[in-house]
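A quick write-up on the structure given underneath.
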Amino acid sequence: MTTEQETRPHAAAGPVRWAADTVATMREGARLRLDYSAASLWRVDRIIDDLRREETPYAAVERALRGFGAYAGEVIVRQASAEWWAADGGHRIRTADGQLWDPIDEARRCFAGDGSLRLLCRDATAGAPEPRDRRPR
C-alpha cells in the first residue's frame, strides 16, 4: 500500500460504518429515513443548516458532521461507481474521472454556511456512468 491510496476494503471501513451509523441514528432518533439517494442529501443539508442556525457548538456536532459527510460519500460511491480513498490521514472519494472529492470536509463547510452535500454529489456524479448493480448474485 502506498500512502496516497489504499484499497476500498481498508479505506472504506471507517466511512462506510460512519454512514451506516448515521442512517440508523436518523431513522431511530429523528424518524428520518435516509436511503442513499442523491435526493436524500437535500434533507441532510437542511439538518446541518438547522444545527448551524440553532448555533449548536461545533464540538457537539463534530461526529454527526463526519457521519453526514460519510453518508454523502457513500451516496456518491453508489451513484458514480466511485471509491473511497484514504490519504494524508483523511478519507476522500475518487470518481472514475480521477477527481478526488472530500464529502466529510464539505459537511463541515455546510455547518459553516459555505457548502452543500447535495451540490457536491451533483458535481461529483455529473457525467458518471450508470451505477453498477451492487447486489450479490
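To be explicit about the labels: the chains of the C-alpha cells are called A, B, and onward in the order shown, and within each one the residues are counted from 1, while ligands get numbers from 1 in the order they are shown.
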Expected answer as a PyMOL selection string: strand (DSSP E) residues in range 11-109 of chain A: chain A and resi 83-87+90-94+100-101
Nearby residues (only C-alpha atoms) at most 12 Å from Leu32 in chain A, same-chain spacing under 3 positions excluded, as a ChimeraX atom specification: /A:22-29,35,40-41,43-44,47
Only C-alpha atoms, please: the residues just picked out, written as a short mmCIF file (atom, residue, chain, number, x, y, z; two decimals), in the first residue's frame.
data_model
loop_
_atom_site.label_atom_id
_atom_site.label_comp_id
_atom_site.auth_asym_id
_atom_site.auth_seq_id
_atom_site.Cartn_x
_atom_site.Cartn_y
_atom_site.Cartn_z
CA THR A 22 -25.82 7.99 10.66
CA VAL A 23 -28.61 6.25 8.74
CA ALA A 24 -29.55 4.27 11.87
CA THR A 25 -29.38 7.33 14.14
CA MET A 26 -31.55 9.41 11.82
CA ARG A 27 -34.08 6.60 11.47
CA GLU A 28 -34.32 5.93 15.21
CA GLY A 29 -33.78 9.40 16.67
CA ASP A 35 -31.98 5.83 1.50
CA SER A 40 -31.85 12.47 0.39
CA LEU A 41 -28.89 14.84 0.57
CA ARG A 43 -32.66 16.66 3.78
CA VAL A 44 -29.14 16.26 5.17
CA ILE A 47 -30.44 19.23 9.05
#
Using only C-alpha atoms, determine which residues lie at most 12 Å from Asp105 in chain A, disregarding the query and same-chain residues fewer than 2 positions distant; provide the list as a tab-separated table (two decimals) with all heavy atoms, in the first residue's frame.
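Okay, this is what ended up in around-v3.tsv:
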chain	number	residue	atom	x	y	z
A	62	GLU	N	-19.53	17.63	15.82
A	62	GLU	CA	-18.39	17.21	15.02
A	62	GLU	C	-18.54	15.78	14.50
A	62	GLU	O	-18.35	15.51	13.31
A	62	GLU	CB	-17.11	17.34	15.84
A	62	GLU	CG	-15.86	17.04	15.07
A	62	GLU	CD	-14.60	17.33	15.88
A	62	GLU	OE1	-14.68	17.63	17.08
A	62	GLU	OE2	-13.52	17.24	15.27
A	65	LEU	N	-21.34	15.55	11.90
A	65	LEU	CA	-20.92	16.08	10.60
A	65	LEU	C	-20.06	15.07	9.86
A	65	LEU	O	-20.21	14.89	8.65
A	65	LEU	CB	-20.16	17.40	10.79
A	65	LEU	CG	-20.98	18.56	11.32
A	65	LEU	CD1	-20.08	19.76	11.60
A	65	LEU	CD2	-22.10	18.94	10.36
A	66	ARG	N	-19.18	14.39	10.58
A	66	ARG	CA	-18.38	13.33	9.96
A	66	ARG	C	-19.30	12.25	9.38
A	66	ARG	O	-19.11	11.79	8.26
A	66	ARG	CB	-17.42	12.73	10.97
A	66	ARG	CG	-16.55	11.62	10.39
A	66	ARG	CD	-15.68	10.98	11.42
A	66	ARG	NE	-16.53	10.16	12.30
A	66	ARG	CZ	-16.09	9.44	13.31
A	66	ARG	NH1	-14.82	9.45	13.62
A	66	ARG	NH2	-16.91	8.71	14.04
A	67	GLY	N	-20.34	11.89	10.14
A	67	GLY	CA	-21.28	10.88	9.66
A	67	GLY	C	-22.07	11.35	8.46
A	67	GLY	O	-22.28	10.58	7.50
A	68	PHE	N	-22.53	12.61	8.49
A	68	PHE	CA	-23.26	13.14	7.34
A	68	PHE	C	-22.36	13.19	6.11
A	68	PHE	O	-22.79	12.88	4.99
A	68	PHE	CB	-23.81	14.53	7.64
A	68	PHE	CG	-24.97	14.54	8.59
A	68	PHE	CD1	-25.03	15.48	9.61
A	68	PHE	CD2	-26.01	13.63	8.49
A	68	PHE	CE1	-26.09	15.51	10.49
A	68	PHE	CE2	-27.08	13.65	9.37
A	68	PHE	CZ	-27.13	14.59	10.38
A	69	GLY	N	-21.11	13.58	6.29
A	69	GLY	CA	-20.17	13.61	5.17
A	69	GLY	C	-19.91	12.21	4.62
A	69	GLY	O	-19.87	12.00	3.40
A	70	ALA	N	-19.74	11.24	5.52
A	70	ALA	CA	-19.53	9.87	5.09
A	70	ALA	C	-20.76	9.34	4.36
A	70	ALA	O	-20.65	8.64	3.34
A	70	ALA	CB	-19.20	8.98	6.29
A	72	ALA	N	-22.89	11.17	2.60
A	72	ALA	CA	-22.84	11.78	1.27
A	72	ALA	C	-21.81	11.08	0.39
A	72	ALA	O	-22.05	10.86	-0.80
A	72	ALA	CB	-22.53	13.28	1.38
A	73	GLY	N	-20.69	10.73	0.98
A	73	GLY	CA	-19.67	10.00	0.22
A	73	GLY	C	-20.18	8.66	-0.28
A	73	GLY	O	-19.93	8.28	-1.43
A	90	GLY	N	-6.94	11.36	5.94
A	90	GLY	CA	-8.34	11.66	5.69
A	90	GLY	C	-8.95	10.65	4.74
A	90	GLY	O	-8.28	9.74	4.26
A	91	HIS	N	-10.23	10.82	4.48
A	91	HIS	CA	-10.96	9.95	3.57
A	91	HIS	C	-11.59	10.80	2.48
A	91	HIS	O	-12.24	11.80	2.77
A	91	HIS	CB	-12.05	9.19	4.32
A	91	HIS	CG	-11.50	8.24	5.32
A	91	HIS	ND1	-11.16	8.62	6.60
A	91	HIS	CD2	-11.22	6.93	5.23
A	91	HIS	CE1	-10.70	7.58	7.25
A	91	HIS	NE2	-10.72	6.54	6.46
A	92	ARG	N	-11.37	10.38	1.24
A	92	ARG	CA	-11.92	11.10	0.10
A	92	ARG	C	-12.55	10.10	-0.86
A	92	ARG	O	-12.30	8.91	-0.78
A	92	ARG	CB	-10.83	11.89	-0.60
A	92	ARG	CG	-10.31	13.04	0.27
A	92	ARG	CD	-9.12	13.74	-0.36
A	92	ARG	NE	-8.58	14.73	0.55
A	92	ARG	CZ	-7.78	14.47	1.58
A	92	ARG	NH1	-7.45	13.22	1.85
A	92	ARG	NH2	-7.33	15.43	2.35
A	93	ILE	N	-13.34	10.63	-1.77
A	93	ILE	CA	-13.96	9.82	-2.81
A	93	ILE	C	-13.20	10.08	-4.10
A	93	ILE	O	-12.91	11.22	-4.45
A	93	ILE	CB	-15.44	10.23	-3.01
A	93	ILE	CG1	-16.25	10.00	-1.74
A	93	ILE	CG2	-16.05	9.51	-4.19
A	93	ILE	CD1	-16.37	8.55	-1.36
A	101	TRP	N	-12.82	13.97	-4.15
A	101	TRP	CA	-13.85	14.77	-3.50
A	101	TRP	C	-13.78	14.50	-2.01
A	101	TRP	O	-13.54	13.37	-1.59
A	101	TRP	CB	-15.22	14.40	-4.04
A	101	TRP	CG	-15.31	14.49	-5.53
A	101	TRP	CD1	-14.95	13.53	-6.44
A	101	TRP	CD2	-15.75	15.61	-6.29
A	101	TRP	NE1	-15.16	13.99	-7.72
A	101	TRP	CE2	-15.65	15.27	-7.66
A	101	TRP	CE3	-16.23	16.88	-5.96
A	101	TRP	CZ2	-16.02	16.13	-8.68
A	101	TRP	CZ3	-16.61	17.73	-6.99
A	101	TRP	CH2	-16.49	17.35	-8.33
A	102	ASP	N	-14.03	15.52	-1.21
A	102	ASP	CA	-13.95	15.38	0.24
A	102	ASP	C	-15.31	15.69	0.88
A	102	ASP	O	-15.56	16.80	1.33
A	102	ASP	CB	-12.87	16.32	0.79
A	102	ASP	CG	-12.52	16.03	2.23
A	102	ASP	OD1	-13.33	15.38	2.93
A	102	ASP	OD2	-11.44	16.46	2.67
A	103	PRO	N	-16.20	14.70	0.92
A	103	PRO	CA	-17.54	14.96	1.46
A	103	PRO	C	-17.54	15.24	2.96
A	103	PRO	O	-18.42	15.95	3.45
A	103	PRO	CB	-18.32	13.70	1.11
A	103	PRO	CG	-17.28	12.64	0.94
A	103	PRO	CD	-16.06	13.34	0.41
A	107	ALA	N	-19.22	18.57	4.59
A	107	ALA	CA	-20.21	18.63	5.67
A	107	ALA	C	-19.81	19.70	6.68
A	107	ALA	O	-20.65	20.46	7.17
A	107	ALA	CB	-20.34	17.28	6.35
A	108	ARG	N	-18.53	19.80	6.96
A	108	ARG	CA	-18.04	20.86	7.87
A	108	ARG	C	-18.27	22.24	7.25
A	108	ARG	O	-18.64	23.18	7.94
A	108	ARG	CB	-16.55	20.65	8.17
A	108	ARG	CG	-16.27	19.40	8.95
A	108	ARG	CD	-14.77	19.22	9.19
A	108	ARG	NE	-14.51	17.93	9.76
A	108	ARG	CZ	-13.71	17.01	9.21
A	108	ARG	NH1	-13.08	17.26	8.07
A	108	ARG	NH2	-13.53	15.85	9.80
A	109	ARG	N	-18.03	22.35	5.95
A	109	ARG	CA	-18.27	23.62	5.26
A	109	ARG	C	-19.76	23.97	5.28
A	109	ARG	O	-20.12	25.14	5.41
A	109	ARG	CB	-17.75	23.55	3.82
A	109	ARG	CG	-16.22	23.55	3.75
A	109	ARG	CD	-15.65	23.30	2.35
A	109	ARG	NE	-16.53	23.58	1.24
A	109	ARG	CZ	-16.54	24.71	0.54
A	109	ARG	NH1	-15.72	25.69	0.84
A	109	ARG	NH2	-17.37	24.86	-0.48
A	110	CYS	N	-20.62	22.98	5.16
A	110	CYS	CA	-22.07	23.22	5.25
A	110	CYS	C	-22.41	23.83	6.61
A	110	CYS	O	-23.19	24.78	6.69
A	110	CYS	CB	-22.85	21.91	5.10
A	110	CYS	SG	-22.86	21.22	3.46
A	111	PHE	N	-21.83	23.27	7.66
A	111	PHE	CA	-22.09	23.76	9.00
A	111	PHE	C	-21.60	25.20	9.16
A	111	PHE	O	-22.19	25.99	9.88
A	111	PHE	CB	-21.44	22.85	10.04
A	111	PHE	CG	-21.76	23.21	11.45
A	111	PHE	CD1	-23.04	23.03	11.96
A	111	PHE	CD2	-20.79	23.74	12.28
A	111	PHE	CE1	-23.35	23.38	13.27
A	111	PHE	CE2	-21.09	24.09	13.59
A	111	PHE	CZ	-22.37	23.91	14.09
A	112	ALA	N	-20.54	25.53	8.44
A	112	ALA	CA	-20.01	26.90	8.48
A	112	ALA	C	-20.82	27.84	7.58
A	112	ALA	O	-20.58	29.04	7.56
A	112	ALA	CB	-18.54	26.91	8.06
A	114	ASP	N	-21.12	27.45	4.17
A	114	ASP	CA	-20.48	27.63	2.88
A	114	ASP	C	-20.28	26.29	2.17
A	114	ASP	O	-19.18	25.97	1.75
A	114	ASP	CB	-19.13	28.32	3.07
A	114	ASP	CG	-18.47	28.69	1.76
A	114	ASP	OD1	-19.19	29.03	0.81
A	114	ASP	OD2	-17.23	28.62	1.68
A	115	GLY	N	-21.35	25.51	2.05
A	115	GLY	CA	-21.21	24.23	1.38
A	115	GLY	C	-22.56	23.59	1.18
A	115	GLY	O	-23.57	24.05	1.71
A	116	SER	N	-22.56	22.49	0.43
A	116	SER	CA	-23.79	21.74	0.19
A	116	SER	C	-23.42	20.32	-0.22
A	116	SER	O	-22.73	20.13	-1.22
A	116	SER	CB	-24.63	22.39	-0.91
A	116	SER	OG	-25.67	21.52	-1.30
A	117	LEU	N	-23.87	19.35	0.55
A	117	LEU	CA	-23.63	17.96	0.19
A	117	LEU	C	-24.41	17.58	-1.06
A	117	LEU	O	-23.93	16.81	-1.88
A	117	LEU	CB	-23.99	17.05	1.36
A	117	LEU	CG	-23.10	17.23	2.59
A	117	LEU	CD1	-23.65	16.44	3.77
A	117	LEU	CD2	-21.66	16.84	2.29
A	120	LEU	N	-22.41	18.97	-3.95
A	120	LEU	CA	-21.19	18.18	-4.10
A	120	LEU	C	-21.50	16.89	-4.85
A	120	LEU	O	-20.80	16.51	-5.79
A	120	LEU	CB	-20.57	17.87	-2.74
A	120	LEU	CG	-19.33	16.98	-2.79
A	120	LEU	CD1	-18.12	17.78	-3.24
A	120	LEU	CD2	-19.08	16.32	-1.46
Which of chain A DSSP labels alpha helix (DSSP H), written as a PyMOL selection string: chain A and resi 8-29+40-53+58-80+103-111+117-125
Of the listed residues A:Leu100, A:Ala86, A:Val77, A:Ala11, that which approaches Ala38 in chain A most closely, counting only C-alpha atoms: A:Val77
Nearest-residue call for Arg118 in chain A, choices A:Ala39, A:Ala82, A:Val61, A:Leu51, using only C-alpha atoms: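 Selected residue with least distance to Arg118 in chain A: A:Ala39.
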